[in-house]
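Please read the structure below before turning to the comments.
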Amino acid sequence: MSDEEIQTLNRPQVARTASRQPLPTPAAAPQPGWLGPVLLVGIVLAALNLRPAITSLGALFEETREGLGMSGTVAGLITSVPALCFAVFGVTAPRLSRRFGPAAVVCAGMAAVAAGLLIRPFASDAAGFLAASALTLAGIALTNVLLPVIVKRWFPDRVGTMTGLYSMALAAGTSLAAAATVPMTQALGGSWRSGLLIWAFLAVAAVLPWLAIAAAARKEKAAAAGAPAARPDTGPSVVRSRTAWALACYFGLQATGAYITMGWLPQIFRDAGVSASTAGILLAVTMVMGVPLAFVIPGLAGRMRNQGPIAVVLGLFGLFGYLGLSFAPAAGAWAWALLLGVSNCAFPLVITMIGLRAKSPAGVVKLSAFAQSTGYLISIPGPLLIGTLYQHTGGWDLPLALMAGLLVPQIALGVLAGRDRTIEDECGMRD
């Protein structure tokens, strides 16, 4: 990356004039010089905190379940809560963003993540633990939706690069929590409560830059109070857009594949004769693949007018991975783990497309909320259905066939979502 590009990244951007003119936005006050670097730090820290609450619990789930005396039903409910919370609370993000501004909502979201992670290790029963987890997941849901909006608002000329940066941080946080939670728990005395509490400190650190960012955004809003402002309901009606629906369904199918992989891949390997420790390492390999690729793919997608070919390639990697798991799960275990790791990088791709398929921050916030909320709702039945098929058939042939079959519509939807158009154009809105 050149010095000029680094300097450009380190300050908030002003949208350049292009063939697609952005929708009118309120006049902006001059930005303080420190805001760009602080935004970079804030985005990275926020992204690092979007998955440890989930993957750290997964690493200690058996100990947590026994410590709180959870029934099997309650334990199953907790595993389904993340996608449900992402869908339910993500819907509220556009309204909250219009009322308070995206930076303030992300700040509140990070505070909710920190509060929930601080509270839940001290829960004395399953209900309290579930409530604290829901608070954390609500904060994650809001941040999930609004980070693409933050990128579009302050870095409109670097959507691919910035999306790659926070997607890479998200993947790193996911992998780090999965790999480090158990060793840290053992180093802290072996209590699952200590192992879960440690991740609250990372969340507290993420709140600090967002306090400064939210304050700067509030001053900017006050300075622009006398300027003509966009109507509070500015933005297209996304339900009328075929691209929005394609993005939502693509998001849902890629999330289904990711949750199935995280929940069931180790069991597939163990049933094939792979040891438990090696199966865990294979899952870590699959998740770690997302760290470098989460940076590369958005940058590449941002330079392309049509992102459909990337969706096709990622889908084909997944098809070959599932095919290998069907015929030689143990013999080619490392290869299949790598292939599925590449396929799971559909997440940074779809997040990048959300930023590219709308012209304005108002359009991005609506599109992001719609695609993610609808997508997470679509993803809820997938892991449960795979578990049911596995239980009733006693093997992985039918579940793997279903998992591979879901990649076919995912590829088709990725091609549709990747076309060079915006939701404003499809909804007949004028610049």
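Just so we're on the same page: first chain in the structure tokens is A, next is B, and so on; residues restart at 1 for each chain, and ligands are numbered from 1 in the order they show up.
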- Task: Tell me, as number ranges by chain, which residues lie within 7 Å of Leu389 in chain A, counting only C-alpha atoms; anything in the same chain fewer than 4 positions away does not count.
- Result: A: 385, 393, 399
Generate a file of the selected residues that holds all heavy atoms, formatted as a CSV table (one decimal), in the first residue's frame.
chain,number,residue,atom,x,y,z
A,385,LEU,N,-31.9,-28.5,11.6
A,385,LEU,CA,-32.3,-29.5,10.7
A,385,LEU,C,-31.2,-30.5,10.4
A,385,LEU,O,-31.4,-31.8,10.3
A,385,LEU,CB,-32.6,-28.9,9.3
A,385,LEU,CG,-33.1,-29.8,8.2
A,385,LEU,CD1,-34.3,-30.6,8.6
A,385,LEU,CD2,-33.4,-28.9,6.9
A,393,THR,N,-30.8,-40.5,10.8
A,393,THR,CA,-30.2,-41.4,9.8
A,393,THR,C,-29.0,-42.1,10.4
A,393,THR,O,-28.5,-43.1,9.8
A,393,THR,CB,-29.8,-40.6,8.6
A,393,THR,OG1,-28.8,-39.6,8.9
A,393,THR,CG2,-31.0,-39.9,8.0
A,399,PRO,N,-27.2,-35.4,5.6
A,399,PRO,CA,-26.9,-34.1,6.0
A,399,PRO,C,-25.9,-33.4,5.1
A,399,PRO,O,-26.0,-32.2,4.7
A,399,PRO,CB,-26.3,-34.2,7.4
A,399,PRO,CG,-26.9,-35.5,7.9
A,399,PRO,CD,-27.0,-36.4,6.7
Residue contacts of range 290-301 of chain A (9 Å, only C-alpha atoms) excluding same-chain residues fewer than 4 positions away, as a PDB file with all heavy atoms, in the first residue's frame:
ATOM      1  N   ARG A 158     -13.251   3.899   0.162  1.00  0.00           N
ATOM      2  CA  ARG A 158     -12.457   2.752   0.616  1.00  0.00           C
ATOM      3  C   ARG A 158     -13.365   1.681   1.208  1.00  0.00           C
ATOM      4  O   ARG A 158     -13.011   1.034   2.185  1.00  0.00           O
ATOM      5  CB  ARG A 158     -11.422   3.206   1.670  1.00  0.00           C
ATOM      6  CG  ARG A 158     -10.356   4.141   1.140  1.00  0.00           C
ATOM      7  CD  ARG A 158      -9.416   3.420   0.187  1.00  0.00           C
ATOM      8  NE  ARG A 158      -8.328   4.291  -0.262  1.00  0.00           N
ATOM      9  CZ  ARG A 158      -8.388   5.047  -1.318  1.00  0.00           C
ATOM     10  NH1 ARG A 158      -9.482   5.086  -2.063  1.00  0.00           N
ATOM     11  NH2 ARG A 158      -7.365   5.804  -1.669  1.00  0.00           N
ATOM     12  N   VAL A 159     -14.527   1.499   0.611  1.00  0.00           N
ATOM     13  CA  VAL A 159     -15.481   0.530   1.162  1.00  0.00           C
ATOM     14  C   VAL A 159     -14.874  -0.865   1.205  1.00  0.00           C
ATOM     15  O   VAL A 159     -14.955  -1.568   2.223  1.00  0.00           O
ATOM     16  CB  VAL A 159     -16.790   0.529   0.333  1.00  0.00           C
ATOM     17  CG1 VAL A 159     -17.683  -0.640   0.744  1.00  0.00           C
ATOM     18  CG2 VAL A 159     -17.542   1.842   0.523  1.00  0.00           C
ATOM     19  N   GLY A 160     -14.252  -1.296   0.104  1.00  0.00           N
ATOM     20  CA  GLY A 160     -13.683  -2.636   0.069  1.00  0.00           C
ATOM     21  C   GLY A 160     -12.551  -2.807   1.069  1.00  0.00           C
ATOM     22  O   GLY A 160     -12.506  -3.793   1.814  1.00  0.00           O
ATOM     23  N   THR A 161     -11.633  -1.845   1.125  1.00  0.00           N
ATOM     24  CA  THR A 161     -10.485  -1.948   2.023  1.00  0.00           C
ATOM     25  C   THR A 161     -10.913  -1.941   3.481  1.00  0.00           C
ATOM     26  O   THR A 161     -10.452  -2.760   4.288  1.00  0.00           O
ATOM     27  CB  THR A 161      -9.510  -0.783   1.766  1.00  0.00           C
ATOM     28  OG1 THR A 161      -9.080  -0.831   0.404  1.00  0.00           O
ATOM     29  CG2 THR A 161      -8.305  -0.867   2.684  1.00  0.00           C
ATOM     30  N   MET A 162     -11.798  -1.020   3.839  1.00  0.00           N
ATOM     31  CA  MET A 162     -12.225  -0.925   5.234  1.00  0.00           C
ATOM     32  C   MET A 162     -13.087  -2.111   5.631  1.00  0.00           C
ATOM     33  O   MET A 162     -13.008  -2.601   6.765  1.00  0.00           O
ATOM     34  CB  MET A 162     -12.984   0.388   5.457  1.00  0.00           C
ATOM     35  CG  MET A 162     -12.113   1.626   5.346  1.00  0.00           C
ATOM     36  SD  MET A 162     -10.710   1.607   6.486  1.00  0.00           S
ATOM     37  CE  MET A 162     -11.561   1.526   8.058  1.00  0.00           C
ATOM     38  N   THR A 163     -13.920  -2.587   4.712  1.00  0.00           N
ATOM     39  CA  THR A 163     -14.714  -3.782   5.017  1.00  0.00           C
ATOM     40  C   THR A 163     -13.789  -4.972   5.219  1.00  0.00           C
ATOM     41  O   THR A 163     -14.002  -5.800   6.114  1.00  0.00           O
ATOM     42  CB  THR A 163     -15.709  -4.073   3.889  1.00  0.00           C
ATOM     43  OG1 THR A 163     -16.583  -2.952   3.727  1.00  0.00           O
ATOM     44  CG2 THR A 163     -16.550  -5.309   4.218  1.00  0.00           C
ATOM     45  N   GLY A 164     -12.740  -5.054   4.397  1.00  0.00           N
ATOM     46  CA  GLY A 164     -11.755  -6.112   4.575  1.00  0.00           C
ATOM     47  C   GLY A 164     -11.063  -6.020   5.918  1.00  0.00           C
ATOM     48  O   GLY A 164     -10.815  -7.039   6.580  1.00  0.00           O
ATOM     49  N   LEU A 165     -10.752  -4.802   6.349  1.00  0.00           N
ATOM     50  CA  LEU A 165     -10.078  -4.614   7.631  1.00  0.00           C
ATOM     51  C   LEU A 165     -10.931  -5.125   8.783  1.00  0.00           C
ATOM     52  O   LEU A 165     -10.460  -5.882   9.636  1.00  0.00           O
ATOM     53  CB  LEU A 165      -9.757  -3.131   7.819  1.00  0.00           C
ATOM     54  CG  LEU A 165      -9.016  -2.758   9.097  1.00  0.00           C
ATOM     55  CD1 LEU A 165      -7.614  -3.358   9.093  1.00  0.00           C
ATOM     56  CD2 LEU A 165      -8.950  -1.240   9.258  1.00  0.00           C
ATOM     57  N   TYR A 166     -12.216  -4.722   8.828  1.00  0.00           N
ATOM     58  CA  TYR A 166     -13.008  -5.164   9.974  1.00  0.00           C
ATOM     59  C   TYR A 166     -13.485  -6.605   9.820  1.00  0.00           C
ATOM     60  O   TYR A 166     -13.693  -7.295  10.824  1.00  0.00           O
ATOM     61  CB  TYR A 166     -14.141  -4.179  10.290  1.00  0.00           C
ATOM     62  CG  TYR A 166     -15.438  -4.304   9.537  1.00  0.00           C
ATOM     63  CD1 TYR A 166     -16.318  -5.348   9.769  1.00  0.00           C
ATOM     64  CD2 TYR A 166     -15.838  -3.310   8.649  1.00  0.00           C
ATOM     65  CE1 TYR A 166     -17.524  -5.427   9.118  1.00  0.00           C
ATOM     66  CE2 TYR A 166     -17.045  -3.376   7.993  1.00  0.00           C
ATOM     67  CZ  TYR A 166     -17.889  -4.437   8.234  1.00  0.00           C
ATOM     68  OH  TYR A 166     -19.095  -4.509   7.585  1.00  0.00           O
ATOM     69  N   SER A 167     -13.599  -7.096   8.586  1.00  0.00           N
ATOM     70  CA  SER A 167     -13.909  -8.518   8.416  1.00  0.00           C
ATOM     71  C   SER A 167     -12.747  -9.384   8.902  1.00  0.00           C
ATOM     72  O   SER A 167     -12.955 -10.436   9.515  1.00  0.00           O
ATOM     73  CB  SER A 167     -14.205  -8.822   6.942  1.00  0.00           C
ATOM     74  OG  SER A 167     -15.357  -8.144   6.504  1.00  0.00           O
ATOM     75  N   MET A 168     -11.524  -8.933   8.627  1.00  0.00           N
ATOM     76  CA  MET A 168     -10.346  -9.652   9.107  1.00  0.00           C
ATOM     77  C   MET A 168     -10.294  -9.618  10.637  1.00  0.00           C
ATOM     78  O   MET A 168      -9.991 -10.637  11.276  1.00  0.00           O
ATOM     79  CB  MET A 168      -9.079  -9.029   8.523  1.00  0.00           C
ATOM     80  CG  MET A 168      -7.804  -9.769   8.870  1.00  0.00           C
ATOM     81  SD  MET A 168      -6.358  -9.140   7.972  1.00  0.00           S
ATOM     82  CE  MET A 168      -6.247  -7.482   8.660  1.00  0.00           C
ATOM     83  N   ALA A 169     -10.610  -8.464  11.224  1.00  0.00           N
ATOM     84  CA  ALA A 169     -10.624  -8.370  12.681  1.00  0.00           C
ATOM     85  C   ALA A 169     -11.715  -9.261  13.275  1.00  0.00           C
ATOM     86  O   ALA A 169     -11.514  -9.904  14.318  1.00  0.00           O
ATOM     87  CB  ALA A 169     -10.836  -6.916  13.111  1.00  0.00           C
ATOM     88  N   LEU A 170     -12.873  -9.320  12.615  1.00  0.00           N
ATOM     89  CA  LEU A 170     -13.952 -10.180  13.081  1.00  0.00           C
ATOM     90  C   LEU A 170     -13.521 -11.645  13.059  1.00  0.00           C
ATOM     91  O   LEU A 170     -13.733 -12.395  14.034  1.00  0.00           O
ATOM     92  CB  LEU A 170     -15.198  -9.971  12.223  1.00  0.00           C
ATOM     93  CG  LEU A 170     -16.494 -10.641  12.661  1.00  0.00           C
ATOM     94  CD1 LEU A 170     -17.697  -9.849  12.154  1.00  0.00           C
ATOM     95  CD2 LEU A 170     -16.603 -12.070  12.141  1.00  0.00           C
ATOM     96  N   ALA A 171     -12.899 -12.065  11.959  1.00  0.00           N
ATOM     97  CA  ALA A 171     -12.433 -13.452  11.858  1.00  0.00           C
ATOM     98  C   ALA A 171     -11.356 -13.743  12.892  1.00  0.00           C
ATOM     99  O   ALA A 171     -11.314 -14.829  13.487  1.00  0.00           O
ATOM    100  CB  ALA A 171     -11.905 -13.722  10.448  1.00  0.00           C
ATOM    101  N   ALA A 172     -10.476 -12.761  13.144  1.00  0.00           N
ATOM    102  CA  ALA A 172      -9.424 -12.953  14.137  1.00  0.00           C
ATOM    103  C   ALA A 172     -10.021 -13.097  15.536  1.00  0.00           C
ATOM    104  O   ALA A 172      -9.584 -13.952  16.324  1.00  0.00           O
ATOM    105  CB  ALA A 172      -8.446 -11.783  14.096  1.00  0.00           C
ATOM    106  N   SER A 175     -11.610 -16.633  15.856  1.00  0.00           N
ATOM    107  CA  SER A 175     -10.606 -17.686  16.005  1.00  0.00           C
ATOM    108  C   SER A 175      -9.887 -17.592  17.345  1.00  0.00           C
ATOM    109  O   SER A 175      -9.625 -18.607  17.995  1.00  0.00           O
ATOM    110  CB  SER A 175      -9.584 -17.613  14.867  1.00  0.00           C
ATOM    111  OG  SER A 175     -10.215 -17.672  13.613  1.00  0.00           O
ATOM    112  N   THR A 286     -10.192 -24.154   9.733  1.00  0.00           N
ATOM    113  CA  THR A 286     -11.291 -23.630   8.913  1.00  0.00           C
ATOM    114  C   THR A 286     -11.600 -22.178   9.259  1.00  0.00           C
ATOM    115  O   THR A 286     -11.789 -21.339   8.367  1.00  0.00           O
ATOM    116  CB  THR A 286     -12.552 -24.494   9.107  1.00  0.00           C
ATOM    117  OG1 THR A 286     -12.262 -25.842   8.709  1.00  0.00           O
ATOM    118  CG2 THR A 286     -13.715 -23.975   8.286  1.00  0.00           C
ATOM    119  N   ARG A 305     -16.843  -4.356 -10.771  1.00  0.00           N
ATOM    120  CA  ARG A 305     -18.202  -3.857 -10.965  1.00  0.00           C
ATOM    121  C   ARG A 305     -19.233  -4.945 -10.661  1.00  0.00           C
ATOM    122  O   ARG A 305     -20.347  -4.652 -10.234  1.00  0.00           O
ATOM    123  CB  ARG A 305     -18.388  -3.366 -12.407  1.00  0.00           C
ATOM    124  CG  ARG A 305     -17.546  -2.131 -12.739  1.00  0.00           C
ATOM    125  CD  ARG A 305     -17.796  -1.670 -14.170  1.00  0.00           C
ATOM    126  NE  ARG A 305     -19.162  -1.223 -14.364  1.00  0.00           N
ATOM    127  CZ  ARG A 305     -19.597   0.003 -14.107  1.00  0.00           C
ATOM    128  NH1 ARG A 305     -18.765   0.916 -13.627  1.00  0.00           N
ATOM    129  NH2 ARG A 305     -20.846   0.340 -14.325  1.00  0.00           N
ATOM    130  N   ASN A 306     -18.875  -6.186 -10.868  1.00  0.00           N
ATOM    131  CA  ASN A 306     -19.780  -7.315 -10.640  1.00  0.00           C
ATOM    132  C   ASN A 306     -19.066  -8.331  -9.754  1.00  0.00           C
ATOM    133  O   ASN A 306     -18.012  -8.868 -10.130  1.00  0.00           O
ATOM    134  CB  ASN A 306     -20.177  -7.947 -11.978  1.00  0.00           C
ATOM    135  CG  ASN A 306     -21.257  -9.006 -11.822  1.00  0.00           C
ATOM    136  OD1 ASN A 306     -21.322  -9.707 -10.817  1.00  0.00           O
ATOM    137  ND2 ASN A 306     -22.110  -9.127 -12.830  1.00  0.00           N
ATOM    138  N   GLN A 307     -19.626  -8.597  -8.585  1.00  0.00           N
ATOM    139  CA  GLN A 307     -18.989  -9.498  -7.627  1.00  0.00           C
ATOM    140  C   GLN A 307     -19.492 -10.939  -7.746  1.00  0.00           C
ATOM    141  O   GLN A 307     -19.085 -11.807  -6.961  1.00  0.00           O
ATOM    142  CB  GLN A 307     -19.223  -9.006  -6.191  1.00  0.00           C
ATOM    143  CG  GLN A 307     -18.558  -7.688  -5.860  1.00  0.00           C
ATOM    144  CD  GLN A 307     -19.295  -6.494  -6.435  1.00  0.00           C
ATOM    145  OE1 GLN A 307     -20.524  -6.477  -6.504  1.00  0.00           O
ATOM    146  NE2 GLN A 307     -18.544  -5.488  -6.871  1.00  0.00           N
ATOM    147  N   ILE A 310     -16.939 -13.927  -7.790  1.00  0.00           N
ATOM    148  CA  ILE A 310     -16.361 -14.303  -6.492  1.00  0.00           C
ATOM    149  C   ILE A 310     -17.314 -15.235  -5.749  1.00  0.00           C
ATOM    150  O   ILE A 310     -16.890 -16.233  -5.142  1.00  0.00           O
ATOM    151  CB  ILE A 310     -16.067 -13.058  -5.641  1.00  0.00           C
ATOM    152  CG1 ILE A 310     -15.115 -12.120  -6.377  1.00  0.00           C
ATOM    153  CG2 ILE A 310     -15.473 -13.463  -4.292  1.00  0.00           C
ATOM    154  CD1 ILE A 310     -14.810 -10.844  -5.615  1.00  0.00           C
ATOM    155  N   GLY A 341     -13.053 -23.511   4.763  1.00  0.00           N
ATOM    156  CA  GLY A 341     -12.639 -22.219   5.293  1.00  0.00           C
ATOM    157  C   GLY A 341     -12.703 -21.129   4.242  1.00  0.00           C
ATOM    158  O   GLY A 341     -13.133 -20.004   4.516  1.00  0.00           O
ATOM    159  N   VAL A 342     -12.304 -21.466   3.023  1.00  0.00           N
ATOM    160  CA  VAL A 342     -12.415 -20.509   1.922  1.00  0.00           C
ATOM    161  C   VAL A 342     -13.884 -20.218   1.614  1.00  0.00           C
ATOM    162  O   VAL A 342     -14.285 -19.061   1.441  1.00  0.00           O
ATOM    163  CB  VAL A 342     -11.705 -21.045   0.664  1.00  0.00           C
ATOM    164  CG1 VAL A 342     -11.930 -20.096  -0.523  1.00  0.00           C
ATOM    165  CG2 VAL A 342     -10.211 -21.208   0.921  1.00  0.00           C
ATOM    166  N   ASN A 344     -16.425 -20.311   3.531  1.00  0.00           N
ATOM    167  CA  ASN A 344     -17.069 -19.497   4.575  1.00  0.00           C
ATOM    168  C   ASN A 344     -16.741 -18.017   4.464  1.00  0.00           C
ATOM    169  O   ASN A 344     -17.335 -17.202   5.173  1.00  0.00           O
ATOM    170  CB  ASN A 344     -16.662 -20.012   5.959  1.00  0.00           C
ATOM    171  CG  ASN A 344     -17.454 -21.235   6.371  1.00  0.00           C
ATOM    172  OD1 ASN A 344     -18.498 -21.543   5.782  1.00  0.00           O
ATOM    173  ND2 ASN A 344     -16.973 -21.950   7.371  1.00  0.00           N
ATOM    174  N   CYS A 345     -15.818 -17.651   3.584  1.00  0.00           N
ATOM    175  CA  CYS A 345     -15.504 -16.238   3.387  1.00  0.00           C
ATOM    176  C   CYS A 345     -16.549 -15.534   2.532  1.00  0.00           C
ATOM    177  O   CYS A 345     -16.335 -14.404   2.070  1.00  0.00           O
ATOM    178  CB  CYS A 345     -14.119 -16.093   2.771  1.00  0.00           C
ATOM    179  SG  CYS A 345     -12.803 -16.482   3.937  1.00  0.00           S
ATOM    180  N   ALA A 346     -17.690 -16.181   2.320  1.00  0.00           N
ATOM    181  CA  ALA A 346     -18.831 -15.486   1.717  1.00  0.00           C
ATOM    182  C   ALA A 346     -19.323 -14.361   2.619  1.00  0.00           C
ATOM    183  O   ALA A 346     -19.958 -13.415   2.140  1.00  0.00           O
ATOM    184  CB  ALA A 346     -19.963 -16.476   1.440  1.00  0.00           C
ATOM    185  N   PHE A 347     -19.026 -14.435   3.925  1.00  0.00           N
ATOM    186  CA  PHE A 347     -19.477 -13.364   4.836  1.00  0.00           C
ATOM    187  C   PHE A 347     -18.851 -12.013   4.494  1.00  0.00           C
ATOM    188  O   PHE A 347     -19.584 -11.032   4.304  1.00  0.00           O
ATOM    189  CB  PHE A 347     -19.194 -13.741   6.294  1.00  0.00           C
ATOM    190  CG  PHE A 347     -19.518 -12.637   7.260  1.00  0.00           C
ATOM    191  CD1 PHE A 347     -20.830 -12.391   7.634  1.00  0.00           C
ATOM    192  CD2 PHE A 347     -18.515 -11.821   7.770  1.00  0.00           C
ATOM    193  CE1 PHE A 347     -21.132 -11.354   8.513  1.00  0.00           C
ATOM    194  CE2 PHE A 347     -18.804 -10.784   8.640  1.00  0.00           C
ATOM    195  CZ  PHE A 347     -20.121 -10.551   9.017  1.00  0.00           C
ATOM    196  N   PRO A 348     -17.513 -11.886   4.434  1.00  0.00           N
ATOM    197  CA  PRO A 348     -16.974 -10.573   4.056  1.00  0.00           C
ATOM    198  C   PRO A 348     -17.408 -10.129   2.666  1.00  0.00           C
ATOM    199  O   PRO A 348     -17.519  -8.930   2.406  1.00  0.00           O
ATOM    200  CB  PRO A 348     -15.448 -10.762   4.141  1.00  0.00           C
ATOM    201  CG  PRO A 348     -15.219 -12.225   4.148  1.00  0.00           C
ATOM    202  CD  PRO A 348     -16.427 -12.826   4.777  1.00  0.00           C
ATOM    203  N   LEU A 349     -17.668 -11.080   1.781  1.00  0.00           N
ATOM    204  CA  LEU A 349     -18.148 -10.706   0.448  1.00  0.00           C
ATOM    205  C   LEU A 349     -19.511 -10.044   0.522  1.00  0.00           C
ATOM    206  O   LEU A 349     -19.739  -8.982  -0.067  1.00  0.00           O
ATOM    207  CB  LEU A 349     -18.204 -11.929  -0.461  1.00  0.00           C
ATOM    208  CG  LEU A 349     -18.844 -11.694  -1.838  1.00  0.00           C
ATOM    209  CD1 LEU A 349     -18.042 -10.680  -2.640  1.00  0.00           C
ATOM    210  CD2 LEU A 349     -18.984 -13.003  -2.605  1.00  0.00           C
ATOM    211  N   VAL A 350     -20.440 -10.657   1.255  1.00  0.00           N
ATOM    212  CA  VAL A 350     -21.793 -10.110   1.311  1.00  0.00           C
ATOM    213  C   VAL A 350     -21.813  -8.777   2.056  1.00  0.00           C
ATOM    214  O   VAL A 350     -22.569  -7.863   1.700  1.00  0.00           O
ATOM    215  CB  VAL A 350     -22.785 -11.122   1.918  1.00  0.00           C
ATOM    216  CG1 VAL A 350     -22.570 -11.311   3.408  1.00  0.00           C
ATOM    217  CG2 VAL A 350     -24.230 -10.683   1.658  1.00  0.00           C
ATOM    218  N   ILE A 351     -20.969  -8.633   3.080  1.00  0.00           N
ATOM    219  CA  ILE A 351     -20.896  -7.351   3.782  1.00  0.00           C
ATOM    220  C   ILE A 351     -20.373  -6.262   2.840  1.00  0.00           C
ATOM    221  O   ILE A 351     -20.860  -5.120   2.855  1.00  0.00           O
ATOM    222  CB  ILE A 351     -19.989  -7.478   5.021  1.00  0.00           C
ATOM    223  CG1 ILE A 351     -20.649  -8.385   6.073  1.00  0.00           C
ATOM    224  CG2 ILE A 351     -19.690  -6.122   5.623  1.00  0.00           C
ATOM    225  CD1 ILE A 351     -21.936  -7.835   6.642  1.00  0.00           C
ATOM    226  N   THR A 352     -19.405  -6.597   2.017  1.00  0.00           N
ATOM    227  CA  THR A 352     -18.902  -5.633   1.032  1.00  0.00           C
ATOM    228  C   THR A 352     -19.986  -5.261   0.035  1.00  0.00           C
ATOM    229  O   THR A 352     -20.162  -4.072  -0.301  1.00  0.00           O
ATOM    230  CB  THR A 352     -17.696  -6.222   0.277  1.00  0.00           C
ATOM    231  OG1 THR A 352     -16.705  -6.632   1.216  1.00  0.00           O
ATOM    232  CG2 THR A 352     -17.088  -5.181  -0.660  1.00  0.00           C
ATOM    233  N   MET A 353     -20.741  -6.246  -0.444  1.00  0.00           N
ATOM    234  CA  MET A 353     -21.800  -5.962  -1.417  1.00  0.00           C
ATOM    235  C   MET A 353     -22.882  -5.084  -0.819  1.00  0.00           C
ATOM    236  O   MET A 353     -23.475  -4.249  -1.520  1.00  0.00           O
ATOM    237  CB  MET A 353     -22.382  -7.270  -1.954  1.00  0.00           C
ATOM    238  CG  MET A 353     -21.435  -8.021  -2.868  1.00  0.00           C
ATOM    239  SD  MET A 353     -22.216  -9.337  -3.849  1.00  0.00           S
ATOM    240  CE  MET A 353     -22.657 -10.517  -2.575  1.00  0.00           C
TER     241      MET A 353
END
- Got a sec: who's within 10 Å of Asn144 in chain A, counting only C-alpha atoms, leaving out chain neighbours fewer than 5 positions off, as JSON, numbers by chain? {"A": [46, 47, 50, 86, 90, 93, 106, 109, 138, 139, 149, 351, 368, 369, 372, 373]}
Could you save the residues just selected, with C-alpha atoms, as a CSV table (one decimal), in the first residue's frame?
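Writing the result to part.csv gives the following:
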chain,number,residue,atom,x,y,z
A,46,ALA,CA,-15.6,-3.3,17.5
A,47,ALA,CA,-15.1,-6.1,15.0
A,50,LEU,CA,-18.5,-9.3,17.4
A,86,PHE,CA,-29.2,-10.8,15.5
A,90,GLY,CA,-30.9,-5.8,14.0
A,93,ALA,CA,-30.8,-0.4,14.0
A,106,VAL,CA,-22.4,1.6,17.9
A,109,GLY,CA,-23.8,-1.4,21.3
A,138,ALA,CA,-28.3,-7.1,21.2
A,139,GLY,CA,-25.2,-4.9,21.2
A,149,VAL,CA,-22.9,2.3,7.6
A,351,ILE,CA,-20.9,-7.4,3.8
A,368,SER,CA,-27.8,-3.7,6.1
A,369,ALA,CA,-30.6,-4.1,8.6
A,372,GLN,CA,-28.8,-9.2,8.1
A,373,SER,CA,-32.1,-9.5,10.0
- Query: Rounded to one decimal in Å, what is the spacing between CA of Thr181 in chain A and CA of Pro121 in chain A?
  - Reply: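 Between these atoms lies a distance of 13.7 Å.
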- Task: One decimal, Å: what's the distance from CA of Glu66 in chain A over to CA of Ala132 in chain A, could you say?
- Result: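 Interatomic distance, CA of Glu66 in chain A to CA of Ala132 in chain A: 17.9 Å.
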- Task: Name the closest residue to Thr278 in chain A among the candidates A:Ala333, A:Leu117, A:Met110, A:Val41; distances are taken between atoms, counting only C-alpha atoms.
- Result: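 With only C-alpha atoms as the atom set, the closest residue is A:Ala333.
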- Query: What lies within 9 Å of range 186-200 of chain A using only C-alpha atoms, ignoring chain neighbours under 3 positions off, as JSON, numbers by chain?
  - Reply: {"A": [49, 52, 53, 56, 57, 60, 61, 63, 64, 67, 113, 114, 115, 116, 117, 118, 119, 120, 121, 122, 177, 181, 182, 183, 203, 204, 205]}
- Item | Length of the CA of Pro266 in chain A to CA of Gly280 in chain A vector [Å] |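 So the answer is 6.0 Å.
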- Item | Expected answer as a ChimeraX atom specification: alpha helix (DSSP H) residues in range 344-404 of chain A | /A:346-356,361-379,381-393,397-404
- Mind checking which residues fall within 10 Å of Leu96 in chain A, counting only C-alpha atoms, ignoring those fewer than 6 positions away in the same chain, and posting them as a PyMOL selection string? chain A and resi 102+104-105+142
The selected residues should be written to file as a PDB file, in the first residue's frame (atoms: all heavy atoms).
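This went into again_22.pdb:
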ATOM      1  N   PRO A 102     -25.373   6.838  13.768  1.00  0.00           N
ATOM      2  CA  PRO A 102     -24.785   5.493  13.803  1.00  0.00           C
ATOM      3  C   PRO A 102     -23.637   5.360  14.794  1.00  0.00           C
ATOM      4  O   PRO A 102     -23.473   4.323  15.429  1.00  0.00           O
ATOM      5  CB  PRO A 102     -24.325   5.264  12.363  1.00  0.00           C
ATOM      6  CG  PRO A 102     -24.244   6.612  11.750  1.00  0.00           C
ATOM      7  CD  PRO A 102     -25.277   7.435  12.430  1.00  0.00           C
ATOM      8  N   ALA A 104     -23.168   6.903  17.694  1.00  0.00           N
ATOM      9  CA  ALA A 104     -23.684   6.801  19.057  1.00  0.00           C
ATOM     10  C   ALA A 104     -24.297   5.427  19.311  1.00  0.00           C
ATOM     11  O   ALA A 104     -24.145   4.860  20.404  1.00  0.00           O
ATOM     12  CB  ALA A 104     -24.730   7.890  19.300  1.00  0.00           C
ATOM     13  N   VAL A 105     -24.969   4.868  18.304  1.00  0.00           N
ATOM     14  CA  VAL A 105     -25.592   3.554  18.482  1.00  0.00           C
ATOM     15  C   VAL A 105     -24.533   2.463  18.581  1.00  0.00           C
ATOM     16  O   VAL A 105     -24.645   1.533  19.387  1.00  0.00           O
ATOM     17  CB  VAL A 105     -26.586   3.255  17.341  1.00  0.00           C
ATOM     18  CG1 VAL A 105     -27.193   1.866  17.505  1.00  0.00           C
ATOM     19  CG2 VAL A 105     -27.693   4.302  17.320  1.00  0.00           C
ATOM     20  N   LEU A 142     -26.695  -4.694  16.806  1.00  0.00           N
ATOM     21  CA  LEU A 142     -26.682  -3.298  16.353  1.00  0.00           C
ATOM     22  C   LEU A 142     -25.372  -2.970  15.642  1.00  0.00           C
ATOM     23  O   LEU A 142     -25.363  -2.312  14.596  1.00  0.00           O
ATOM     24  CB  LEU A 142     -26.884  -2.365  17.550  1.00  0.00           C
ATOM     25  CG  LEU A 142     -28.244  -2.437  18.241  1.00  0.00           C
ATOM     26  CD1 LEU A 142     -28.241  -1.572  19.499  1.00  0.00           C
ATOM     27  CD2 LEU A 142     -29.363  -2.010  17.297  1.00  0.00           C
TER      28      LEU A 142
END
